[in-house]
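Enquirer: Sending over entry.cif (mmCIF, C-alpha atoms and all ligand atoms).
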data_work
loop_
_atom_site.label_atom_id
_atom_site.label_comp_id
_atom_site.auth_asym_id
_atom_site.auth_seq_id
_atom_site.Cartn_x
_atom_site.Cartn_y
_atom_site.Cartn_z
CA MET A 24 -33.39 -40.77 29.96
CA ILE A 25 -29.71 -39.92 30.26
CA ASP A 26 -29.00 -37.12 32.63
CA LYS A 27 -27.27 -34.05 31.22
CA ALA A 28 -24.13 -34.26 33.36
CA MET A 29 -23.61 -37.88 32.38
CA LEU A 30 -24.03 -37.04 28.68
CA GLN A 31 -21.48 -34.24 29.02
CA ARG A 32 -19.07 -36.64 30.76
CA THR A 33 -19.50 -39.21 28.00
CA ILE A 34 -18.88 -36.60 25.28
CA PHE A 35 -15.88 -35.27 27.15
CA ASN A 36 -14.39 -38.75 27.55
CA LYS A 37 -14.88 -39.50 23.87
CA PHE A 38 -13.14 -36.29 22.85
CA PHE A 39 -10.41 -36.95 25.36
CA ILE A 40 -9.74 -40.37 23.83
CA ILE A 41 -9.74 -38.96 20.30
CA PHE A 42 -7.36 -36.23 21.44
CA ILE A 43 -4.93 -38.76 23.01
CA ALA A 44 -5.20 -40.92 19.87
CA ALA A 45 -4.40 -37.91 17.69
CA LEU A 46 -1.34 -37.17 19.78
CA LEU A 47 -0.19 -40.80 19.48
CA PHE A 48 -0.64 -40.78 15.70
CA GLU A 49 1.30 -37.55 15.48
CA GLY A 50 4.10 -39.13 17.45
CA CYS A 51 4.16 -42.22 15.24
CA ALA A 52 4.40 -40.33 11.91
CA THR A 53 7.38 -41.33 9.82
CA VAL A 54 9.07 -38.86 7.48
CA LYS A 55 8.78 -39.93 3.87
CA GLY A 56 11.13 -38.65 1.15
CA PRO A 57 14.61 -37.21 1.48
CA GLN A 58 15.84 -35.27 4.51
CA VAL A 59 16.97 -31.66 4.01
CA SER A 60 20.15 -30.27 5.50
CA SER A 61 20.19 -27.02 7.47
CA LEU A 62 22.18 -25.52 4.59
CA GLU A 63 19.44 -26.41 2.11
CA GLU A 64 16.83 -25.00 4.47
CA GLU A 65 18.86 -21.80 4.87
CA LYS A 66 19.06 -21.45 1.07
CA ALA A 67 15.27 -21.82 0.77
CA LYS A 68 14.78 -19.27 3.55
CA ARG A 69 16.95 -16.77 1.66
CA GLU A 70 14.94 -17.42 -1.50
CA ILE A 71 11.72 -16.60 0.37
CA GLN A 72 13.24 -13.37 1.72
CA VAL A 73 14.37 -12.30 -1.76
CA ARG A 74 10.89 -13.05 -3.17
CA SER A 75 9.28 -11.06 -0.37
CA LEU A 76 11.52 -8.04 -1.12
CA GLN A 77 10.77 -8.42 -4.82
CA ASN A 78 7.02 -8.39 -4.05
CA TRP A 79 7.47 -5.31 -1.91
CA VAL A 80 9.30 -3.51 -4.74
CA LYS A 81 6.42 -4.43 -7.08
CA ASP A 82 3.83 -3.19 -4.54
CA VAL A 83 5.71 0.10 -4.06
CA GLN A 84 6.06 0.69 -7.81
CA ARG A 85 2.44 -0.24 -8.53
CA SER A 86 1.02 2.02 -5.81
CA ALA A 87 3.43 4.88 -6.55
CA ALA A 88 2.43 4.78 -10.23
CA VAL A 89 -1.31 5.00 -9.42
CA ILE A 90 -0.70 7.81 -6.90
CA TYR A 91 1.41 9.67 -9.48
CA ASN A 92 -1.16 9.22 -12.28
CA ILE A 93 -3.86 10.66 -10.03
CA ARG A 94 -1.78 13.54 -8.62
CA LYS A 95 -0.77 14.49 -12.16
CA LYS A 96 -4.42 15.02 -13.17
CA ILE A 97 -5.90 16.25 -9.92
CA PRO A 98 -7.30 19.78 -10.00
CA SER A 99 -5.47 21.33 -7.09
CA LYS A 100 -4.99 24.77 -5.58
CA ASP A 101 -1.29 24.10 -5.12
CA SER A 102 1.23 22.35 -7.29
CA PHE A 103 4.23 20.43 -6.00
CA GLY A 104 7.42 19.41 -7.82
CA PHE A 105 7.71 15.65 -8.32
CA SER A 106 10.85 13.84 -9.46
CA GLY A 107 9.44 10.31 -9.40
CA ILE A 108 12.34 8.80 -7.48
CA ILE A 109 12.05 6.54 -4.47
CA GLY A 110 15.35 5.89 -2.75
CA ILE A 111 16.21 3.17 -0.26
CA CYS A 112 18.95 4.43 2.04
CA LEU A 113 21.93 2.07 2.01
CA THR A 114 23.77 3.77 4.89
CA GLU A 115 21.21 2.71 7.50
CA MET A 116 20.61 -0.74 6.05
CA LYS A 117 21.25 -3.75 8.27
CA PRO A 118 23.76 -6.32 6.87
CA GLU A 119 21.12 -9.06 6.51
CA TYR A 120 18.90 -6.79 4.38
CA ARG A 121 21.91 -5.67 2.35
CA GLU A 122 22.61 -9.31 1.51
CA ILE A 123 19.01 -9.86 0.34
CA CYS A 124 19.12 -6.62 -1.69
CA GLU A 125 22.37 -7.74 -3.32
CA ILE A 126 20.86 -11.08 -4.38
CA LEU A 127 17.75 -9.30 -5.74
CA THR A 128 19.67 -6.62 -7.66
CA SER A 129 22.52 -8.99 -8.73
CA ARG A 130 25.13 -6.41 -7.77
CA SER A 131 27.32 -5.54 -4.82
CA LEU A 132 25.97 -2.49 -3.04
CA PRO A 133 28.10 0.37 -1.70
CA LYS A 134 28.05 1.19 2.04
CA THR A 135 26.50 4.61 1.42
CA GLY A 136 24.10 6.01 -1.15
CA TYR A 137 20.56 5.20 -2.28
CA LEU A 138 19.13 2.28 -4.21
CA LEU A 139 16.62 3.83 -6.61
CA LEU A 140 13.13 2.70 -7.59
CA PRO A 141 11.87 5.11 -10.26
CA VAL A 142 8.08 5.58 -10.32
CA PRO A 143 6.84 3.86 -13.51
CA GLY A 144 6.01 6.50 -16.14
CA GLY A 145 7.35 9.30 -13.93
CA PRO A 146 9.87 12.03 -14.80
CA ALA A 147 12.96 10.16 -13.48
CA GLU A 148 12.16 7.02 -15.48
CA LYS A 149 11.55 9.12 -18.60
CA ALA A 150 14.96 10.76 -18.04
CA GLY A 151 16.63 7.34 -18.10
CA ILE A 152 16.92 6.33 -14.43
CA LYS A 153 16.51 2.56 -14.17
CA LEU A 154 15.28 0.27 -11.43
CA TYR A 155 18.12 -0.40 -8.93
CA ASP A 156 20.38 2.40 -10.17
CA ILE A 157 22.47 3.73 -7.29
CA ALA A 158 22.55 7.42 -6.38
CA LEU A 159 25.44 8.87 -4.39
CA GLU A 160 23.24 11.47 -2.66
CA ALA A 161 19.69 11.56 -1.27
CA PRO A 162 17.02 12.06 -3.93
CA PRO A 163 15.88 15.71 -4.04
CA ASP A 164 13.23 16.89 -1.62
CA ARG A 165 10.64 19.70 -1.62
CA LEU A 166 10.89 20.58 -5.27
CA LYS A 167 9.01 23.26 -7.16
CA PRO A 168 7.29 22.38 -10.45
CA ASN A 169 9.78 22.56 -13.36
CA GLU A 170 12.72 22.90 -10.95
CA ASN A 171 15.84 21.30 -12.35
CA VAL A 172 16.73 17.95 -10.75
CA ILE A 173 20.26 16.56 -10.96
CA VAL A 174 20.69 12.96 -9.80
CA LYS A 175 24.30 11.86 -9.36
CA LEU A 176 24.47 8.16 -10.05
CA VAL A 177 27.55 6.00 -9.49
CA ASP A 178 28.46 6.08 -13.18
CA ARG A 179 26.71 9.19 -14.55
CA ALA A 180 24.58 12.23 -13.76
CA VAL A 181 20.98 12.58 -14.96
CA GLU A 182 19.25 15.94 -15.29
CA PHE A 183 15.53 16.62 -15.83
CA PRO A 184 12.79 19.05 -14.70
CA ALA A 185 10.46 18.15 -11.81
CA GLU A 186 6.85 17.69 -12.85
CA GLY A 187 4.02 19.68 -11.27
CA VAL A 188 1.52 17.48 -9.40
CA GLY A 189 -1.45 18.24 -7.16
CA VAL A 190 -2.26 17.27 -3.52
CA LYS A 191 0.24 17.65 -0.73
CA LEU A 192 1.38 14.17 0.19
CA ASN A 193 4.11 13.84 2.74
CA LYS A 194 5.00 10.20 2.21
CA MET A 195 3.60 6.89 1.08
CA ALA A 196 4.35 3.59 2.73
CA ILE A 197 3.51 0.00 1.92
CA VAL A 198 3.16 -1.83 5.19
CA SER A 199 3.06 -5.51 5.83
CA ALA A 200 -0.19 -6.32 7.66
CA ASP A 201 -3.02 -8.85 7.84
CA GLU A 202 -5.54 -6.03 7.41
CA VAL A 203 -6.97 -5.12 4.02
CA ASN A 204 -6.67 -1.37 4.41
CA ALA A 205 -5.48 2.02 3.18
CA PHE A 206 -5.54 5.17 5.28
CA VAL A 207 -4.07 8.62 5.81
CA ASP A 208 -2.67 9.95 9.06
CA ALA A 209 -2.66 13.44 10.54
CA SER A 210 0.68 14.26 8.86
CA LYS A 211 -0.69 13.56 5.34
CA ASN A 212 1.10 10.25 5.00
CA LEU A 213 -0.65 7.56 2.99
CA TYR A 214 -0.39 3.94 4.09
CA ILE A 215 -1.42 0.93 2.04
CA THR A 216 -1.24 -2.60 3.40
CA ASN A 217 0.30 -5.31 1.24
CA ASN A 218 -2.83 -7.38 1.88
CA LEU A 219 -4.99 -4.69 0.21
CA LEU A 220 -2.72 -4.86 -2.83
CA LYS A 221 -3.13 -8.64 -2.94
CA PHE A 222 -6.90 -8.27 -2.67
CA VAL A 223 -7.33 -5.40 -5.16
CA SER A 224 -6.19 -7.14 -8.29
CA ASP A 225 -6.69 -4.42 -10.90
CA ASN A 226 -5.45 -0.84 -10.88
CA ASP A 227 -8.92 0.61 -11.65
CA GLN A 228 -10.01 -0.58 -8.21
CA LEU A 229 -6.76 0.55 -6.61
CA ALA A 230 -7.23 4.02 -8.18
CA VAL A 231 -10.70 4.31 -6.56
CA ILE A 232 -9.18 3.51 -3.14
CA ILE A 233 -6.15 5.79 -3.60
CA GLY A 234 -8.37 8.56 -5.06
CA HIS A 235 -10.54 8.32 -1.93
CA GLU A 236 -7.52 8.70 0.40
CA LEU A 237 -6.04 11.58 -1.62
CA ALA A 238 -9.46 13.28 -1.60
CA HIS A 239 -9.39 13.29 2.22
CA ILE A 240 -6.17 15.32 1.99
CA GLU A 241 -7.20 17.55 -0.94
CA ARG A 242 -10.66 18.38 0.48
CA GLY A 243 -9.14 19.53 3.79
CA HIS A 244 -10.58 16.67 5.86
CA ILE A 245 -7.33 16.17 7.78
CA GLU A 246 -7.66 19.66 9.24
CA LYS A 247 -11.38 19.11 10.03
CA ARG A 248 -11.18 15.48 11.09
CA MET A 249 -13.46 14.07 13.75
CA GLY A 250 -10.69 12.52 15.79
CA VAL A 251 -7.87 10.08 15.63
CA GLY A 252 -7.70 6.36 16.02
CA LEU A 253 -4.69 4.31 16.85
CA LEU A 254 -3.97 1.41 14.60
CA ALA A 255 -1.62 -0.44 16.87
CA GLY A 256 0.08 -3.75 16.67
CA ILE A 257 -1.25 -4.86 13.31
CA LEU A 258 1.40 -3.23 11.22
CA THR A 259 4.52 -5.27 11.49
CA GLY A 260 6.23 -4.12 8.35
CA VAL A 261 9.55 -5.49 7.25
CA ALA A 262 9.90 -2.86 4.62
CA GLU A 263 8.77 0.69 4.15
CA ALA A 264 9.03 3.08 1.27
CA ILE A 265 8.93 6.74 1.86
CA ILE A 266 8.04 9.06 -0.94
CA THR A 267 7.84 12.73 -0.39
CA SER A 268 7.30 15.01 -3.32
CA GLY A 269 10.39 13.46 -4.78
CA ARG A 270 12.82 12.51 -2.06
CA GLY A 271 12.73 9.08 -0.70
CA SER A 272 14.50 7.19 1.96
CA GLY A 273 13.54 3.91 3.41
CA ASP A 274 14.96 1.86 6.18
CA LEU A 275 14.17 -1.70 5.31
CA SER A 276 14.57 -2.80 8.88
CA ARG A 277 12.09 -0.37 10.36
CA LEU A 278 9.09 -1.86 12.11
CA VAL A 279 5.88 0.09 11.91
CA THR A 280 3.86 -0.89 14.93
CA GLN A 281 1.67 2.11 15.66
CA VAL A 282 0.02 4.58 13.35
CA VAL A 283 -2.32 7.37 14.36
CA VAL A 284 -5.11 7.26 11.80
CA SER A 285 -7.44 10.13 10.99
CA LYS A 286 -11.13 9.52 11.68
CA PHE A 287 -13.58 11.24 9.39
CA SER A 288 -17.30 11.95 9.55
CA ARG A 289 -19.85 10.09 7.45
CA ASP A 290 -20.24 13.07 5.10
CA GLN A 291 -16.47 13.47 4.77
CA GLU A 292 -16.37 9.79 3.72
CA ARG A 293 -19.12 10.44 1.13
CA GLU A 294 -17.24 13.48 -0.16
CA ALA A 295 -13.99 11.49 -0.39
CA ASP A 296 -15.85 8.72 -2.27
CA TYR A 297 -17.19 11.23 -4.81
CA PHE A 298 -13.97 13.19 -5.36
CA GLY A 299 -11.85 10.03 -5.21
CA LEU A 300 -13.93 8.63 -8.07
CA LYS A 301 -13.60 11.89 -10.00
CA TYR A 302 -9.80 11.89 -9.56
CA ALA A 303 -9.57 8.26 -10.71
CA TYR A 304 -11.72 9.15 -13.75
CA LEU A 305 -9.62 12.22 -14.63
CA ALA A 306 -6.49 10.05 -14.38
CA GLY A 307 -7.98 7.76 -17.03
CA TYR A 308 -9.01 4.78 -14.90
CA ASP A 309 -12.19 2.82 -15.62
CA ILE A 310 -14.37 3.93 -12.71
CA GLU A 311 -17.16 1.49 -13.53
CA LYS A 312 -14.76 -1.40 -13.02
CA GLY A 313 -13.06 0.48 -10.18
CA SER A 314 -16.32 0.92 -8.21
CA ASP A 315 -16.54 -2.86 -7.92
CA VAL A 316 -13.90 -2.58 -5.23
CA TRP A 317 -16.77 -2.05 -2.76
CA LEU A 318 -18.51 -5.14 -4.13
CA ASP A 319 -15.36 -7.20 -3.67
CA LEU A 320 -14.40 -5.71 -0.32
CA GLY A 321 -17.97 -5.97 0.97
CA SER A 322 -18.38 -9.58 -0.08
CA GLY A 323 -15.00 -11.21 -0.44
CA ALA A 324 -12.60 -10.07 2.22
CA PRO A 325 -12.96 -11.56 5.69
CA ALA A 326 -14.81 -9.05 7.87
CA SER A 327 -12.12 -9.10 10.53
CA LEU A 328 -9.54 -7.93 8.01
CA THR A 329 -11.55 -5.06 6.54
CA LYS A 330 -12.90 -3.73 9.85
CA SER A 331 -11.23 -0.32 9.68
CA LEU A 332 -11.77 0.19 5.97
CA LEU A 333 -15.46 -0.69 6.02
CA SER A 334 -16.49 0.35 9.52
CA SER A 335 -16.47 4.04 8.67
CA HIS A 336 -20.01 4.91 7.58
CA PRO A 337 -21.57 4.86 4.98
CA THR A 338 -22.03 1.16 4.33
CA SER A 339 -20.34 -0.56 1.41
CA SER A 340 -23.75 -1.08 -0.23
CA GLU A 341 -24.49 2.66 -0.16
CA ARG A 342 -21.02 3.37 -1.50
CA LEU A 343 -21.29 0.81 -4.29
CA ALA A 344 -24.77 2.02 -5.33
CA ARG A 345 -23.70 5.67 -5.32
CA LEU A 346 -20.44 5.18 -7.22
CA ARG A 347 -22.16 3.01 -9.81
CA LYS A 348 -24.87 5.64 -10.26
CA ILE A 349 -22.24 8.37 -10.84
CA ALA A 350 -20.44 6.14 -13.37
CA SER A 351 -23.63 5.38 -15.30
CA LEU A 352 -24.86 9.02 -15.29
CA LEU A 353 -21.46 10.07 -16.69
CA LYS A 354 -21.89 7.52 -19.43
CA GLU A 355 -25.26 9.05 -20.27
CA GLY A 356 -23.57 12.44 -20.72
CA LYS A 357 -23.89 14.13 -17.33
CA THR A 358 -20.78 16.16 -16.43
CA TRP A 359 -18.82 16.55 -13.19
CA ASP A 360 -19.73 20.26 -13.21
CA GLU A 361 -23.42 19.32 -13.28
CA PHE A 362 -22.92 16.99 -10.31
CA GLU A 363 -21.20 19.78 -8.42
CA ALA A 364 -23.69 22.55 -9.36
CA LYS A 365 -25.75 23.62 -6.38
ZN ZN B 401 -12.12 7.53 4.07
#
So that I can check it, write out the structure of this file as C-alpha cells.
Ligand SMILES: [Zn+2]
Expert:
Amino acid sequence: MIDKAMLQRTIFNKFFIIFIAALLFEGCATVKGPQVSSLEEEKAKREIQVRSLQNWVKDVQRSAAVIYNIRKKIPSKDSFGFSGIIGICLTEMKPEYREICEILTSRSLPKTGYLLLPVPGGPAEKAGIKLYDIALEAPPDRLKPNENVIVKLVDRAVEFPAEGVGVKLNKMAIVSADEVNAFVDASKNLYITNNLLKFVSDNDQLAVIIGHELAHIERGHIEKRMGVGLLAGILTGVAEAIITSGRGSGDLSRLVTQVVVSKFSRDQEREADYFGLKYAYLAGYDIEKGSDVWLDLGSGAPASLTKSLLSSHPTSSERLARLRKIASLLKEGKTWDEFEAK
C-alpha cells in the first residue's frame, strides 16, 4: 500500500516535471511564416477598431428600430414626440475616436456638430436623413407629437413632424459587457449589452426582451420597485448611444462602469413578461418565435453571463411555459382583452 502523502508527492512531482517541460517547449518554439512590422500590426489594430465601431452602429440601429416599433404601437397614457435621430457629439470626441469615425464614414469630420444615425424606419429616415449625415446643431429634444422638427445639416435643412410614441424612455445605451443582459435603471434609461445582441439572433426574440423592459417602465414598476442593485465593473463600454425622445448625444470615449439597476418583485417580472409579449405582438413581431428567447437563454448562454437576467424570479421554465401558452391561446382565438378581464 502506498501512503497518501507519498502518492500526493509523486503526483506533484510528475506535474512539476510536465510544467517545466511545457515551459521549455514554449521557449523553444520557432516562429514560422513571415514576420509582421509594427506598422502592419498598427494597421490591423485600426481595422479591428473600425469593425468594432461598425458593429456598435449596427447594434444601436437594430435596438433603436425595435424600441421604436414597439413604442409606436404601445397603448400608452402619454404620448411623446419622436424624431428618430441619434446624434454622436463631435465636439467632445477624442482625436483617436475621430480618426476611427473618419475611416468608417469615409469623410473628414468637422470639429463641432453631430454625426447622425437615423433610426431605421423612423421619421428622420423617412424625411431623407441618411446614415452619417452631419448636423450643425444638437438633434431636437423633448418634442411633442406632430411638433415640427428642423434639422440643419451641413449641406441642407430637413423638416418633418415628430411622431407620437408611447412609454417615457429617457435614453437607450448599448454597452460593451461580457454579460448577456438588458435592464432599466431608476431614471428610465434602458441598457442593452452587446453580448445580448450577439446572443439574441432574431428581432422577434429581441422584441420580447425589449417589450419586457419597456413594460417595467409603462406599468409603473420603476416607481414601485423593490430596491436597487448596483451593476458595477462589468460594463466597460467603449461606445454609448443616448437616445431621448429624439435628441441624442454620445461620447464615444465614455466608460460606463457603474449602473444602478432597478430590482423588481416576482409579480412585477410576471407582469412585465405578459405586457412585454403583448407589446411585441402589437408591434407585429412573431411572439411564438420570440418566446424561445427564454429557451435559448435558459439553455445556451453560460450561467455566469446571464446571472442578472435570469436570477430574478420566476424561473426561465415558468416564463417559457407561460409565454408559449399565451401565444398558443391567441392563435386559438383568445383576445388580449379576455386575458386581462377580471
Ligand atoms: Zn424584468
Enquirer: Residues at most 12 Å from Lys134 of chain A, counting all atoms listed in the file, excluding those fewer than 3 positions away in the same chain, as an NGL selection string?
Expert: :A and (112-118 or 121-122 or 125 or 131 or 137-138 or 157-159)
Enquirer: Those selected residues, please, written with C-alpha atoms and delivered as a PDB file, in the frame of the given file.
Expert:
ATOM      1  CA  CYS A 112      18.950   4.430   2.040  1.00  0.00           C
ATOM      2  CA  LEU A 113      21.930   2.070   2.010  1.00  0.00           C
ATOM      3  CA  THR A 114      23.770   3.770   4.890  1.00  0.00           C
ATOM      4  CA  GLU A 115      21.210   2.710   7.500  1.00  0.00           C
ATOM      5  CA  MET A 116      20.610  -0.740   6.050  1.00  0.00           C
ATOM      6  CA  LYS A 117      21.250  -3.750   8.270  1.00  0.00           C
ATOM      7  CA  PRO A 118      23.760  -6.320   6.870  1.00  0.00           C
ATOM      8  CA  ARG A 121      21.910  -5.670   2.350  1.00  0.00           C
ATOM      9  CA  GLU A 122      22.610  -9.310   1.510  1.00  0.00           C
ATOM     10  CA  GLU A 125      22.370  -7.740  -3.320  1.00  0.00           C
ATOM     11  CA  SER A 131      27.320  -5.540  -4.820  1.00  0.00           C
ATOM     12  CA  TYR A 137      20.560   5.200  -2.280  1.00  0.00           C
ATOM     13  CA  LEU A 138      19.130   2.280  -4.210  1.00  0.00           C
ATOM     14  CA  ILE A 157      22.470   3.730  -7.290  1.00  0.00           C
ATOM     15  CA  ALA A 158      22.550   7.420  -6.380  1.00  0.00           C
ATOM     16  CA  LEU A 159      25.440   8.870  -4.390  1.00  0.00           C
TER      17      LEU A 159
END
Enquirer: Could the residues that lie within 7 Å of ligand ZN 401 (chain B), counting all atoms listed in the file, be listed as a PyMOL selection string?
Expert: chain A and resi 235-236+239+287+292+295
Enquirer: Extract, using all atoms listed in the file, all DNA, RNA and protein residues at most 10 Å from Glu294 of chain A, discarding same-chain residues fewer than 2 positions from it, and format them as an MDAnalysis selection string.
Expert: chainID A and resid 235 238:239 242 244 288:292 296:300
Enquirer: Is it possible to get the axis-aligned box enclosing segment 295-314 of chain A (all listed atoms, 5 Å extra per side) as AutoDock Vina command-line options, with centre and edge lengths in Å rounded to one decimal?
Expert:
--center_x -11.8 --center_y 5.9 --center_z -8.7 --size_x 20.7 --size_y 24.6 --size_z 26.6
Enquirer: Considering only C-alpha atoms, return as a short mmCIF file (atom, residue, chain, number, x, y, z; two decimals) with C-alpha atoms, keeping the file's coordinate frame whatever protein or nucleic-acid residues lie within 10 Å of Lys153 of chain A, sequence-local ones (same chain, fewer than 3 positions apart) excluded.
Expert:
data_model
loop_
_atom_site.label_atom_id
_atom_site.label_comp_id
_atom_site.auth_asym_id
_atom_site.auth_seq_id
_atom_site.Cartn_x
_atom_site.Cartn_y
_atom_site.Cartn_z
CA LEU A 139 16.62 3.83 -6.61
CA LEU A 140 13.13 2.70 -7.59
CA PRO A 141 11.87 5.11 -10.26
CA VAL A 142 8.08 5.58 -10.32
CA PRO A 143 6.84 3.86 -13.51
CA ALA A 147 12.96 10.16 -13.48
CA GLU A 148 12.16 7.02 -15.48
CA LYS A 149 11.55 9.12 -18.60
CA ALA A 150 14.96 10.76 -18.04
CA ASP A 156 20.38 2.40 -10.17
CA ILE A 157 22.47 3.73 -7.29
#
Enquirer: Check the smallest atom-to-atom distance from each of A:Ile245, A:Val316, A:Ile126, A:Val181 to Ser224 of chain A using all atoms listed in the file, then report the winner.
Expert: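 Closest candidate: A:Val316.
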Enquirer: Have a look at A:Ile240, A:Asn92, A:Leu176, A:Leu127 and name the one nearest to Arg74 of chain A; count only C-alpha atoms.
Expert: A:Leu127
Enquirer: Work out how far atom CA of Val203 of chain A is from atom CA of Asn217 of chain A, in Å to one decimal.
Expert: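 Between atom CA of Asn217 of chain A and atom CA of Val203 of chain A the gap is 7.8 Å.
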Enquirer: Applying 10 Å and all atoms listed in the file, which residues near segment 339-355 of chain A remain after dropping the ones on its own chain fewer than 2 positions away? List them as an NGL selection string.
Expert: :A and (231 or 292-293 or 296-297 or 300-301 or 304 or 309-322 or 332-337 or 357-359 or 362)
Enquirer: Under the rule that only C-alpha atoms are counted, which of A:Arg69, A:Lys221, A:Arg94, A:Lys247 is the nearest residue to Gly145 of chain A?
Expert: A:Arg94
Enquirer: Give me the residues near Thr216 of chain A as a PyMOL selection string, where near means some atom within 7 Å (using all atoms listed in the file) and where sequence neighbours in that chain fewer than 5 positions away do not count.
Expert: chain A and resi 197-200+202-205
Enquirer: Check the smallest atom-to-atom distance from each of A:Phe183, A:Ala209, A:Cys124, A:Gly136 to Gln72 of chain A using only C-alpha atoms, then report the winner.
Expert: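 Answer, going by the shortest atom-to-atom distance: A:Cys124.
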Enquirer: Go ahead and compute the interatomic distance for atom CA of Arg248 of chain A and atom CA of Leu213 of chain A, in Å to one decimal.
Expert: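 One can read the atom CA of Arg248 of chain A to atom CA of Leu213 of chain A distance as 15.5 Å.
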Enquirer: Is it possible to get the residues within 9 Å of (0.9, 6.4, 5.5) (coordinates as in the file, counting only C-alpha atoms) written as a list of chain:residue names?
Expert: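 Final list of nearby residues, as requested, is A:Asn193, A:Lys194, A:Met195, A:Ala196, A:Ile197, A:Val198, A:Ala205, A:Phe206, A:Val207, A:Asp208, A:Ser210, A:Lys211, A:Asn212, A:Leu213, A:Tyr214, A:Ile215, A:Ile265, A:Val282, A:Val284.
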Enquirer: Go ahead and save the picked residues with C-alpha atoms, as a compact mmCIF listing (two decimals), in the frame of the given file.
Expert:
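Dumped to out.txt:
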# COMPACT_ATOMS: atom_id res chain seq x y z
CA ASN A 193 4.11 13.84 2.74
CA LYS A 194 5.00 10.20 2.21
CA MET A 195 3.60 6.89 1.08
CA ALA A 196 4.35 3.59 2.73
CA ILE A 197 3.51 0.00 1.92
CA VAL A 198 3.16 -1.83 5.19
CA ALA A 205 -5.48 2.02 3.18
CA PHE A 206 -5.54 5.17 5.28
CA VAL A 207 -4.07 8.62 5.81
CA ASP A 208 -2.67 9.95 9.06
CA SER A 210 0.68 14.26 8.86
CA LYS A 211 -0.69 13.56 5.34
CA ASN A 212 1.10 10.25 5.00
CA LEU A 213 -0.65 7.56 2.99
CA TYR A 214 -0.39 3.94 4.09
CA ILE A 215 -1.42 0.93 2.04
CA ILE A 265 8.93 6.74 1.86
CA VAL A 282 0.02 4.58 13.35
CA VAL A 284 -5.11 7.26 11.80
Enquirer: Which residue is closest to Trp79 of chain A? Choose from A:Asn171, A:Leu220, A:Glu119, A:Ser61 and count all atoms listed in the file.
Expert: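 The shortest atom-to-atom distance to Trp79 of chain A comes from A:Leu220.
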Enquirer: Using Å and a single decimal, report how far atom CA of Thr338 of chain A sits from atom CA of Ser285 of chain A.
Expert: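 Calculated distance between atom CA of Ser285 of chain A and atom CA of Thr338 of chain A is 18.4 Å.
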Enquirer: Quick one: of A:Ala161, A:Lys191, A:Asn226, A:Lys167, who's nearest to Ala88 of chain A, counting all atoms listed in the file?
Expert: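 So, comparing all the options, the nearest one is A:Asn226.
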